[in-house]
file final_10.csv (CSV, C-alpha atoms and all ligand atoms)
chain,number,residue,atom,x,y,z
A,1,MET,CA,126.5,104.7,189.0
A,2,SER,CA,126.7,106.8,192.1
A,3,ASN,CA,127.6,104.0,194.4
A,4,MET,CA,130.5,102.9,192.2
A,5,ASN,CA,133.0,104.1,194.9
A,6,ALA,CA,131.4,101.8,197.4
A,7,MET,CA,131.8,98.8,195.1
A,8,SER,CA,134.8,96.5,195.4
A,9,SER,CA,137.0,96.6,192.4
A,10,PHE,CA,135.8,93.1,191.6
A,11,ASP,CA,132.1,94.2,191.5
A,12,ALA,CA,133.1,97.2,189.4
A,13,ALA,CA,134.9,95.0,186.9
A,14,VAL,CA,131.9,92.7,186.7
A,15,GLU,CA,129.5,95.7,186.2
A,16,LYS,CA,131.7,96.8,183.4
A,17,LEU,CA,131.6,93.4,181.8
A,18,ARG,CA,127.9,93.2,182.2
A,19,GLN,CA,127.4,96.4,180.3
A,20,GLU,CA,129.9,95.5,177.7
A,21,TYR,CA,128.4,92.1,177.0
A,22,GLU,CA,124.8,92.7,177.6
A,23,VAL,CA,124.1,92.3,174.0
A,24,GLY,CA,125.3,88.7,174.1
A,25,PHE,CA,122.5,87.5,176.3
A,26,SER,CA,119.2,86.3,175.0
A,27,THR,CA,117.4,87.6,178.1
A,28,GLY,CA,118.4,90.8,179.8
A,29,PRO,CA,121.1,90.3,182.3
A,30,ALA,CA,119.4,92.5,184.8
A,31,SER,CA,115.9,91.1,184.3
A,32,GLY,CA,116.1,88.9,187.4
A,33,LYS,CA,114.0,86.3,185.7
A,34,GLY,CA,114.8,82.9,184.3
A,35,ASN,CA,118.3,81.4,184.1
A,36,GLN,CA,120.6,83.8,185.9
A,37,ALA,CA,123.7,81.6,185.8
A,38,LEU,CA,125.6,83.6,183.2
A,39,ASN,CA,124.9,86.8,185.2
A,40,ALA,CA,125.9,85.3,188.5
A,41,ASN,CA,129.2,84.0,187.3
A,42,LEU,CA,130.2,86.9,185.1
A,43,GLY,CA,133.6,87.9,186.2
A,44,VAL,CA,134.4,84.4,187.7
A,45,GLY,CA,137.5,83.7,185.5
A,46,GLY,CA,138.0,85.4,182.2
A,47,TYR,CA,135.2,86.4,179.8
A,48,ALA,CA,135.7,85.5,176.2
A,49,ASP,CA,134.5,87.6,173.3
A,50,LEU,CA,132.7,84.6,171.9
A,51,SER,CA,130.9,82.7,174.7
A,52,ILE,CA,127.6,80.9,175.3
A,53,THR,CA,124.3,82.6,175.7
A,54,ASN,CA,121.4,81.8,178.0
A,55,ARG,CA,120.1,79.3,175.5
A,56,ALA,CA,123.2,77.2,175.7
A,57,SER,CA,123.2,77.5,179.5
A,58,ASP,CA,119.6,76.2,179.5
A,59,TRP,CA,120.6,73.3,177.3
A,60,TYR,CA,123.6,72.4,179.4
A,61,PHE,CA,121.4,72.4,182.5
A,62,ALA,CA,118.9,70.2,180.7
A,63,VAL,CA,121.6,67.7,179.8
A,64,CYS,CA,122.8,68.0,183.5
A,65,ALA,CA,119.3,66.9,184.6
A,66,VAL,CA,119.3,63.9,182.2
A,67,MET,CA,122.7,62.8,183.4
A,68,GLY,CA,121.6,63.2,187.1
A,69,PHE,CA,118.4,61.3,186.5
A,70,MET,CA,120.2,58.4,184.8
A,71,THR,CA,122.8,58.3,187.6
A,72,LEU,CA,119.9,57.6,190.0
A,73,VAL,CA,118.5,55.0,187.7
A,74,PHE,CA,121.8,53.1,187.3
A,75,ALA,CA,122.5,53.3,191.0
A,76,GLY,CA,119.0,52.2,191.8
A,77,LEU,CA,119.3,49.2,189.5
A,78,ALA,CA,122.5,48.2,191.3
A,79,PHE,CA,120.5,47.6,194.5
A,80,THR,CA,118.4,45.0,192.7
A,81,LYS,CA,121.6,42.8,192.3
A,82,PRO,CA,123.8,41.0,194.7
A,83,ARG,CA,127.0,43.0,195.5
A,84,THR,CA,129.1,40.6,193.3
A,85,GLU,CA,127.0,41.6,190.3
A,86,ARG,CA,127.0,45.3,190.6
A,87,LEU,CA,130.3,46.2,188.8
A,88,PHE,CA,128.8,47.5,185.6
A,89,HIS,CA,126.0,49.4,187.4
A,90,TYR,CA,128.6,51.2,189.6
A,91,ILE,CA,130.9,52.1,186.6
A,92,THR,CA,128.0,53.3,184.5
A,93,ALA,CA,126.5,55.4,187.4
A,94,MET,CA,129.9,57.0,188.0
A,95,ILE,CA,130.1,58.0,184.4
A,96,THR,CA,126.8,59.8,184.4
A,97,LEU,CA,127.5,61.3,187.9
A,98,VAL,CA,130.7,62.9,186.6
A,99,ALA,CA,128.9,64.2,183.6
A,100,THR,CA,126.2,65.7,185.8
A,101,ILE,CA,128.8,67.8,187.6
A,102,ALA,CA,130.6,68.8,184.3
A,103,TYR,CA,127.2,69.9,182.8
A,104,PHE,CA,126.3,71.8,185.9
A,105,SER,CA,129.6,73.6,185.5
A,106,MET,CA,129.1,74.4,181.9
A,107,GLY,CA,125.5,75.5,182.4
A,108,SER,CA,126.9,77.9,185.1
A,109,ASN,CA,129.5,79.2,182.6
A,110,LEU,CA,132.2,77.8,184.9
A,111,GLY,CA,135.2,75.6,184.1
A,112,GLN,CA,136.0,77.7,181.1
A,113,VAL,CA,138.8,80.0,180.0
A,114,PRO,CA,139.0,82.5,177.1
A,115,ILE,CA,141.6,81.4,174.4
A,116,THR,CA,142.6,83.6,171.5
A,117,VAL,CA,141.3,82.0,168.3
A,118,GLU,CA,143.5,80.9,165.5
A,119,PHE,CA,140.9,81.8,162.9
A,120,ASP,CA,138.8,85.0,163.5
A,121,ARG,CA,136.4,84.4,160.6
A,122,PRO,CA,135.1,88.0,160.5
A,123,ASN,CA,132.7,87.0,157.7
A,124,SER,CA,131.1,84.1,159.5
A,125,LYS,CA,127.6,84.6,160.8
A,126,GLN,CA,128.2,81.9,163.4
A,127,VAL,CA,131.3,83.2,165.1
A,128,TYR,CA,131.0,86.8,164.2
A,129,GLY,CA,131.8,88.7,167.3
A,130,ALA,CA,135.2,87.2,168.1
A,131,GLY,CA,136.7,90.0,165.9
A,132,VAL,CA,140.3,90.3,165.2
A,133,SER,CA,142.4,88.4,167.7
A,134,GLY,CA,139.2,87.7,169.6
A,135,THR,CA,138.9,85.1,172.2
A,136,ARG,CA,136.6,82.0,172.4
A,137,GLU,CA,135.3,80.4,175.5
A,138,ILE,CA,136.9,77.0,175.9
A,139,PHE,CA,135.3,74.6,178.5
A,140,TYR,CA,138.3,72.8,179.9
A,141,VAL,CA,135.9,71.1,182.4
A,142,ARG,CA,134.7,69.0,179.4
A,143,TYR,CA,138.1,67.4,179.2
A,144,ILE,CA,138.3,66.7,183.0
A,145,ASP,CA,134.9,65.0,182.6
A,146,TRP,CA,136.2,62.9,179.6
A,147,PHE,CA,139.5,62.1,181.4
A,148,VAL,CA,137.5,60.4,184.1
A,149,THR,CA,134.6,59.0,182.1
A,150,THR,CA,136.1,57.7,178.8
A,151,PRO,CA,138.4,55.2,180.7
A,152,LEU,CA,135.3,54.1,182.6
A,153,LEU,CA,133.3,53.7,179.3
A,154,LEU,CA,136.2,51.6,177.9
A,155,LEU,CA,136.3,49.6,181.2
A,156,ASP,CA,132.6,48.8,180.7
A,157,LEU,CA,133.3,47.5,177.2
A,158,LEU,CA,136.6,45.8,177.8
A,159,LEU,CA,135.5,44.0,181.0
A,160,THR,CA,132.4,42.8,179.1
A,161,ALA,CA,134.7,41.4,176.4
A,162,GLY,CA,136.9,39.7,179.1
A,163,VAL,CA,140.2,41.0,177.7
A,164,PRO,CA,143.3,40.5,179.8
A,165,TRP,CA,144.1,43.4,182.1
A,166,PRO,CA,147.3,44.5,180.3
A,167,THR,CA,145.2,45.2,177.2
A,168,ILE,CA,142.7,47.2,179.4
A,169,LEU,CA,145.6,49.2,180.8
A,170,VAL,CA,147.2,50.1,177.5
A,171,THR,CA,143.9,51.0,175.9
A,172,ILE,CA,143.0,53.3,178.8
A,173,LEU,CA,146.4,54.9,178.7
A,174,ALA,CA,146.0,55.6,174.9
A,175,ASP,CA,142.6,57.0,175.7
A,176,GLU,CA,144.1,59.4,178.3
A,177,VAL,CA,146.7,60.5,175.8
A,178,MET,CA,143.8,61.3,173.4
A,179,ILE,CA,141.9,63.4,175.9
A,180,VAL,CA,145.0,65.3,177.3
A,181,THR,CA,146.2,66.2,173.8
A,182,GLY,CA,142.7,67.3,172.9
A,183,LEU,CA,142.8,69.6,176.0
A,184,VAL,CA,146.2,71.1,175.3
A,185,GLY,CA,145.3,71.6,171.7
A,186,ALA,CA,142.1,73.4,172.7
A,187,LEU,CA,144.1,75.7,175.0
A,188,THR,CA,146.6,76.5,172.2
A,189,ARG,CA,146.2,79.6,170.0
A,190,THR,CA,148.6,78.8,167.2
A,191,THR,CA,148.5,76.2,164.5
A,192,TYR,CA,150.4,73.9,166.8
A,193,LYS,CA,146.9,73.0,168.2
A,194,TRP,CA,146.5,70.7,165.1
A,195,GLY,CA,149.7,68.9,166.1
A,196,TYR,CA,148.0,67.9,169.4
A,197,TRP,CA,144.9,67.0,167.5
A,198,THR,CA,147.0,64.7,165.3
A,199,PHE,CA,148.6,63.0,168.3
A,200,GLY,CA,145.1,62.6,169.7
A,201,MET,CA,144.0,60.9,166.5
A,202,PHE,CA,146.8,58.4,166.6
A,203,ALA,CA,145.9,57.5,170.2
A,204,PHE,CA,142.3,57.3,169.2
A,205,PHE,CA,143.1,54.8,166.4
A,206,TYR,CA,144.8,52.6,168.9
A,207,VAL,CA,141.6,52.6,171.0
A,208,VAL,CA,139.6,51.7,167.9
A,209,TYR,CA,142.1,48.9,167.0
A,210,ALA,CA,141.8,47.5,170.6
A,211,LEU,CA,138.0,47.5,170.4
A,212,LEU,CA,137.7,46.0,166.9
A,213,PHE,CA,140.6,43.6,166.8
A,214,VAL,CA,141.3,42.6,170.4
A,215,ALA,CA,138.1,43.0,172.4
A,216,ARG,CA,135.7,41.8,169.7
A,217,PRO,CA,137.2,38.4,169.2
A,218,HIS,CA,137.4,38.0,173.0
A,219,ALA,CA,133.7,38.9,173.3
A,220,VAL,CA,132.8,36.4,170.6
A,221,ALA,CA,134.7,33.7,172.5
A,222,LEU,CA,132.5,34.3,175.6
A,223,GLY,CA,129.3,33.3,173.8
A,224,SER,CA,126.3,34.9,172.1
A,225,ASP,CA,124.9,36.9,175.1
A,226,VAL,CA,128.2,38.6,175.6
A,227,SER,CA,129.0,39.2,172.0
A,228,ARG,CA,125.5,40.7,171.4
A,229,VAL,CA,125.9,43.3,174.1
A,230,PHE,CA,129.5,44.0,173.2
A,231,ASN,CA,128.7,44.5,169.5
A,232,MET,CA,125.7,46.8,170.3
A,233,CYS,CA,127.6,49.0,172.7
A,234,GLY,CA,130.9,48.8,170.7
A,235,VAL,CA,129.4,49.9,167.4
A,236,LEU,CA,127.6,52.7,169.1
A,237,THR,CA,130.8,53.8,170.8
A,238,LEU,CA,132.9,53.7,167.6
A,239,PHE,CA,130.4,55.6,165.6
A,240,ILE,CA,129.8,58.3,168.2
A,241,TRP,CA,133.4,58.6,169.3
A,242,PHE,CA,134.5,59.4,165.7
A,243,LEU,CA,132.3,62.5,165.8
A,244,TYR,CA,134.1,64.0,168.7
A,245,PRO,CA,137.3,65.0,166.8
A,246,ILE,CA,135.0,66.5,164.2
A,247,ALA,CA,133.2,68.5,166.8
A,248,TRP,CA,136.6,69.6,168.2
A,249,GLY,CA,137.7,70.6,164.7
A,250,VAL,CA,134.8,73.0,164.2
A,251,SER,CA,134.7,74.3,167.7
A,252,GLU,CA,137.9,74.6,169.8
A,253,GLY,CA,140.0,73.9,166.8
A,254,GLY,CA,138.7,75.8,163.8
A,255,ASN,CA,136.4,78.2,165.4
A,256,VAL,CA,133.8,77.5,162.8
A,257,ILE,CA,130.6,77.2,164.9
A,258,HIS,CA,129.4,79.3,167.8
A,259,PRO,CA,129.9,78.0,171.4
A,260,ASP,CA,126.1,77.6,171.5
A,261,SER,CA,126.2,75.2,168.6
A,262,GLU,CA,129.2,73.5,170.2
A,263,ALA,CA,127.1,73.0,173.3
A,264,ILE,CA,124.4,71.2,171.2
A,265,PHE,CA,126.9,69.1,169.2
A,266,TYR,CA,128.8,67.8,172.2
A,267,GLY,CA,125.7,67.6,174.3
A,268,ILE,CA,124.0,65.2,171.8
A,269,LEU,CA,127.1,63.1,171.5
A,270,ASP,CA,127.5,62.9,175.3
A,271,VAL,CA,123.9,61.9,175.8
A,272,ILE,CA,124.3,59.0,173.3
A,273,ALA,CA,127.8,58.1,174.6
A,274,LYS,CA,126.8,58.0,178.2
A,275,PRO,CA,123.1,57.5,179.2
A,276,VAL,CA,122.1,55.7,175.9
A,277,PHE,CA,125.2,53.6,176.0
A,278,GLY,CA,124.6,52.8,179.7
A,279,ILE,CA,121.0,51.7,179.2
A,280,LEU,CA,122.0,49.3,176.4
A,281,LEU,CA,124.9,48.0,178.4
A,282,ILE,CA,123.0,47.4,181.6
A,283,MET,CA,120.1,45.8,179.7
A,284,GLY,CA,122.5,43.6,177.8
A,285,HIS,CA,124.1,42.5,181.1
A,286,LYS,CA,120.8,41.2,182.5
A,287,ASN,CA,121.6,37.6,181.8
A,288,ILE,CA,125.4,37.8,182.1
A,289,SER,CA,127.1,37.1,185.4
A,290,ALA,CA,130.4,38.5,186.5
A,291,SER,CA,131.9,35.0,186.8
A,292,GLN,CA,130.9,34.3,183.1
A,293,LEU,CA,133.2,37.1,182.2
A,294,GLY,CA,136.1,35.7,184.2
A,295,LEU,CA,135.6,38.3,186.9
A,296,LYS,CA,136.3,36.6,190.2
A,297,ILE,CA,134.5,38.8,192.8
A,298,TYR,CA,134.4,37.3,196.2
A,299,ASP,CA,131.9,38.4,198.8
A,300,PRO,CA,132.5,36.5,202.1
A,301,ALA,CA,129.2,37.7,203.4
A,302,GLU,CA,127.3,36.0,200.6
A,303,THR,CA,129.4,33.0,200.0
A,304,PRO,CA,130.4,31.7,203.5
A,305,HIS,CA,130.5,28.0,202.6
A,306,ALA,CA,131.2,27.9,198.9
A,307,VAL,CA,132.1,24.3,198.0
A,308,HIS,CA,133.9,23.4,194.8
A,309,GLY,CA,131.5,22.1,192.2
A,310,GLU,CA,128.4,22.7,194.2
A,311,LYS,CA,125.6,24.3,192.2
A,312,HIS,CA,124.3,27.1,194.4
A,313,THR,CA,120.9,28.6,194.0
A,314,PRO,CA,119.8,32.1,195.0
A,315,GLY,CA,118.3,32.2,198.4
A,316,HIS,CA,120.0,29.0,199.5
A,317,ALA,CA,121.1,30.1,203.0
A,318,GLY,CA,122.1,33.4,201.4
A,319,VAL,CA,124.8,31.7,199.4
A,320,THR,CA,126.1,32.9,196.0
A,321,ASN,CA,124.4,34.2,192.9
A,322,GLY,CA,123.4,30.9,191.3
A,323,HIS,CA,125.3,31.5,188.1
A,324,ASN,CA,126.3,28.4,186.2
A,325,GLY,CA,127.2,26.7,189.4
A,326,VAL,CA,130.3,28.9,189.5
A,327,ASP,CA,130.9,31.4,192.2
A,328,ASN,CA,133.7,33.4,193.6
A,329,GLY,CA,134.4,30.7,196.2
A,330,HIS,CA,136.1,28.9,193.3
A,331,THR,CA,138.8,31.4,192.8
A,332,GLY,CA,141.6,29.1,193.9
A,333,VAL,CA,140.3,26.3,191.8
A,334,VAL,CA,140.3,28.4,188.6
A,335,ASN,CA,143.8,29.5,189.3
A,336,GLY,CA,144.8,25.9,190.1
A,337,THR,CA,143.7,24.7,186.7
A,338,ASN,CA,145.9,27.1,184.8
A,339,GLY,CA,143.3,29.7,183.9
A,340,THR,CA,140.6,27.2,182.9
A,341,PRO,CA,137.6,29.5,182.1
A,342,ALA,CA,135.3,30.0,185.0
A,343,THR,CA,132.4,28.4,183.1
A,344,THR,CA,133.9,24.9,183.5
A,345,VAL,CA,132.4,23.3,186.5
B,1,LIG,C1,139.6,65.0,170.8
B,1,LIG,C2,140.6,65.9,170.1
B,1,LIG,C3,141.8,65.2,169.8
B,1,LIG,C4,141.6,64.0,168.9
B,1,LIG,C5,140.5,63.2,169.3
B,1,LIG,C6,139.5,63.6,170.3
B,1,LIG,C7,138.5,62.6,170.7
B,1,LIG,C8,137.7,62.7,171.7
B,1,LIG,C9,136.8,61.7,172.1
B,1,LIG,C10,136.0,61.9,173.2
B,1,LIG,C11,135.0,61.1,173.7
B,1,LIG,C12,134.3,61.6,174.7
B,1,LIG,C13,133.2,60.9,175.3
B,1,LIG,C14,132.5,61.5,176.2
B,1,LIG,C15,131.4,61.0,176.9
B,1,LIG,O1,130.6,61.6,177.3
B,1,LIG,C16,140.0,64.9,172.3
B,1,LIG,C17,138.2,65.7,170.7
B,1,LIG,C18,140.4,61.8,168.7
B,1,LIG,C19,136.6,60.4,171.3
B,1,LIG,C20,132.8,59.5,174.8

call {"tool": "encode", "arguments": {"input": "final_10.csv", "output": "structure tokens"}}
result
Amino acid sequence: MSNMNAMSSFDAAVEKLRQEYEVGFSTGPASGKGNQALNANLGVGGYADLSITNRASDWYFAVCAVMGFMTLVFAGLAFTKPRTERLFHYITAMITLVATIAYFSMGSNLGQVPITVEFDRPNSKQVYGAGVSGTREIFYVRYIDWFVTTPLLLLDLLLTAGVPWPTILVTILADEVMIVTGLVGALTRTTYKWGYWTFGMFAFFYVVYALLFVARPHAVALGSDVSRVFNMCGVLTLFIWFLYPIAWGVSEGGNVIHPDSEAIFYGILDVIAKPVFGILLIMGHKNISASQLGLKIYDPAETPHAVHGEKHTPGHAGVTNGHNGVDNGHTGVVNGTNGTPATTV
């Protein structure tokens, strides 16, 4: 290392890390071939004793590509609808867009921080390497993703069910408590991390309650098309969301599985919770109009002469969306009849 003196202290520190951790990479760090993200970002932030290998980096990038592709699909489908009917497309595309960026970060080994583990598990084949008082790589970027996207997923479901906005608000607030406690617990070394996990579980149970006992009856009241899509997406959500605290328990919490296995676990859950959920939701919404859900979305460019009670057809002088004869021009009328559902004409 004759040119060591010419190196900045940053470069020298990175070189030292590279030599120290070379053994952790599945392809040689200096090979110059294949996925070089771990190499490139070695030294950006701390480096944990137990961190992802190239295989997990490849997997994270693969999930990133799936999320990116689905963002284009959802956004593209939005353009096949009038503006007043794009709400669910936009929300769903935003969910996968945020996930695309989070997965790009994780594939690049960024948005992470080393945290000393509570349980070293020196006898474990999976996490051997952390050693005594070793550190584990914690991807805090995961929680930033969830903080943005889980409220949007709930919005997709709760707007579909037509629940009143205060219920939407409190459910989303509980969801945010769940995510933030999960993050703080993941960043905590001591057994207090399980205190945060427990708070998160309580918040989660509120979300489950709201979906099962508030949103579901509302969806049923809106008819079979709505209850079908709500039940399908709701069941998928409940089932998949229950697996997240388990994944947390064996990864950030208990340090039972390797960060590579954590990548696979969360990755599969995220693909089901976001793109698969999104496909089912958007397909299910095909024959459901915003007005049917009580969403009064007014587009003056599309409904210039909306007249009460008139049944509009698509293409009729560029007027309305032709749903059940109800359009956004009737906002005042609905209000005037003390919240009579928008489906009454
Ligand atoms: C944590 C730990 C604290 C207790 C609970 C959790 C639940 C997290 C969930 C996350 C869902 C994420 C989704 C992401 C989509 O891509 C924070 C792990 C209950 C349910 C759906």

call {"tool": "closest_residue", "arguments": {"input": "final_10.csv", "among": "A:Asp58, A:Asp49, A:Glu252, A:Glu137", "to": "ligand LIG 1 (chain B)", "atoms": "all atoms listed in the file"}}
result
A:Glu252

call {"tool": "residues_near_ligand", "arguments": {"input": "final_10.csv", "ligand": "ligand LIG 1 (chain B)", "cutoff": "7 Å", "atoms": "all atoms listed in the file", "output": "ChimeraX atom specification"}}
result
/A:146,149-150,178-179,181-183,196-198,200-201,204,241-242,244-245,247-248,269-271,273-274

call {"tool": "write_last_selection", "arguments": {"input": "final_10.csv", "atoms": "C-alpha atoms", "output": "compact mmCIF listing (two decimals), in the coordinates of the input"}}
result
# COMPACT_ATOMS: atom_id res chain seq x y z
CA TRP A 146 136.20 62.90 179.60
CA THR A 149 134.60 59.00 182.10
CA THR A 150 136.10 57.70 178.80
CA MET A 178 143.80 61.30 173.40
CA ILE A 179 141.90 63.40 175.90
CA THR A 181 146.20 66.20 173.80
CA GLY A 182 142.70 67.30 172.90
CA LEU A 183 142.80 69.60 176.00
CA TYR A 196 148.00 67.90 169.40
CA TRP A 197 144.90 67.00 167.50
CA THR A 198 147.00 64.70 165.30
CA GLY A 200 145.10 62.60 169.70
CA MET A 201 144.00 60.90 166.50
CA PHE A 204 142.30 57.30 169.20
CA TRP A 241 133.40 58.60 169.30
CA PHE A 242 134.50 59.40 165.70
CA TYR A 244 134.10 64.00 168.70
CA PRO A 245 137.30 65.00 166.80
CA ALA A 247 133.20 68.50 166.80
CA TRP A 248 136.60 69.60 168.20
CA LEU A 269 127.10 63.10 171.50
CA ASP A 270 127.50 62.90 175.30
CA VAL A 271 123.90 61.90 175.80
CA ALA A 273 127.80 58.10 174.60
CA LYS A 274 126.80 58.00 178.20

call {"tool": "residues_around", "arguments": {"input": "final_10.csv", "residues": "stretch 210-227 of chain A", "least_positions_apart": "3", "cutoff": "8 Å", "atoms": "only C-alpha atoms", "output": "compact mmCIF listing (two decimals) with C-alpha atoms, keeping the file's coordinate frame"}}
result
# COMPACT_ATOMS: atom_id res chain seq x y z
CA LEU A 158 136.60 45.80 177.80
CA THR A 160 132.40 42.80 179.10
CA ALA A 161 134.70 41.40 176.40
CA GLY A 162 136.90 39.70 179.10
CA VAL A 163 140.20 41.00 177.70
CA THR A 167 145.20 45.20 177.20
CA THR A 171 143.90 51.00 175.90
CA TYR A 206 144.80 52.60 168.90
CA VAL A 207 141.60 52.60 171.00
CA PHE A 230 129.50 44.00 173.20
CA ASN A 231 128.70 44.50 169.50
CA GLY A 234 130.90 48.80 170.70
CA GLY A 284 122.50 43.60 177.80
CA HIS A 285 124.10 42.50 181.10
CA ASN A 287 121.60 37.60 181.80
CA ILE A 288 125.40 37.80 182.10
CA GLN A 292 130.90 34.30 183.10
CA LEU A 293 133.20 37.10 182.20

call {"tool": "closest_residue", "arguments": {"input": "final_10.csv", "among": "A:Gly68, A:Gly254, A:Pro122, A:Gly111", "to": "A:Thr96", "atoms": "only C-alpha atoms"}}
result
A:Gly68

call {"tool": "atom_distance", "arguments": {"input": "final_10.csv", "atom1": "atom CA of A:Leu159", "atom2": "atom CA of A:Val180"}}
result
23.6 Å

call {"tool": "atom_distance", "arguments": {"input": "final_10.csv", "atom1": "atom CA of A:Leu155", "atom2": "atom CA of A:Ile172"}}
result
8.0 Å

call {"tool": "atom_distance", "arguments": {"input": "final_10.csv", "atom1": "atom CA of A:Ala186", "atom2": "atom CA of A:Asn41"}}
result
22.2 Å

call {"tool": "closest_residue", "arguments": {"input": "final_10.csv", "among": "A:Ser133, A:Ser251, A:Asp156, A:Asp260", "to": "A:Leu87", "atoms": "all atoms listed in the file"}}
result
A:Asp156

call {"tool": "closest_residue", "arguments": {"input": "final_10.csv", "among": "A:Met94, A:Leu243, A:His89, A:Met283", "to": "A:Asp145", "atoms": "all atoms listed in the file"}}
result
A:Met94

call {"tool": "closest_residue", "arguments": {"input": "final_10.csv", "among": "A:Pro300, A:Thr116, A:Ser9, A:Pro275", "to": "A:Ala99", "atoms": "all atoms listed in the file"}}
result
A:Pro275

call {"tool": "closest_residue", "arguments": {"input": "final_10.csv", "among": "A:Lys286, A:Lys81, A:Lys16, A:Arg189", "to": "A:Gly134", "atoms": "all atoms listed in the file"}}
result
A:Arg189

call {"tool": "residues_around", "arguments": {"input": "final_10.csv", "residues": "A:Gln112", "least_positions_apart": "5", "cutoff": "12 Å", "atoms": "all atoms listed in the file", "output": "VMD selection string"}}
result
chain A and resid 41 to 48 50 to 52 102 to 103 105 to 107 135 to 144 183 186 to 187 252 259
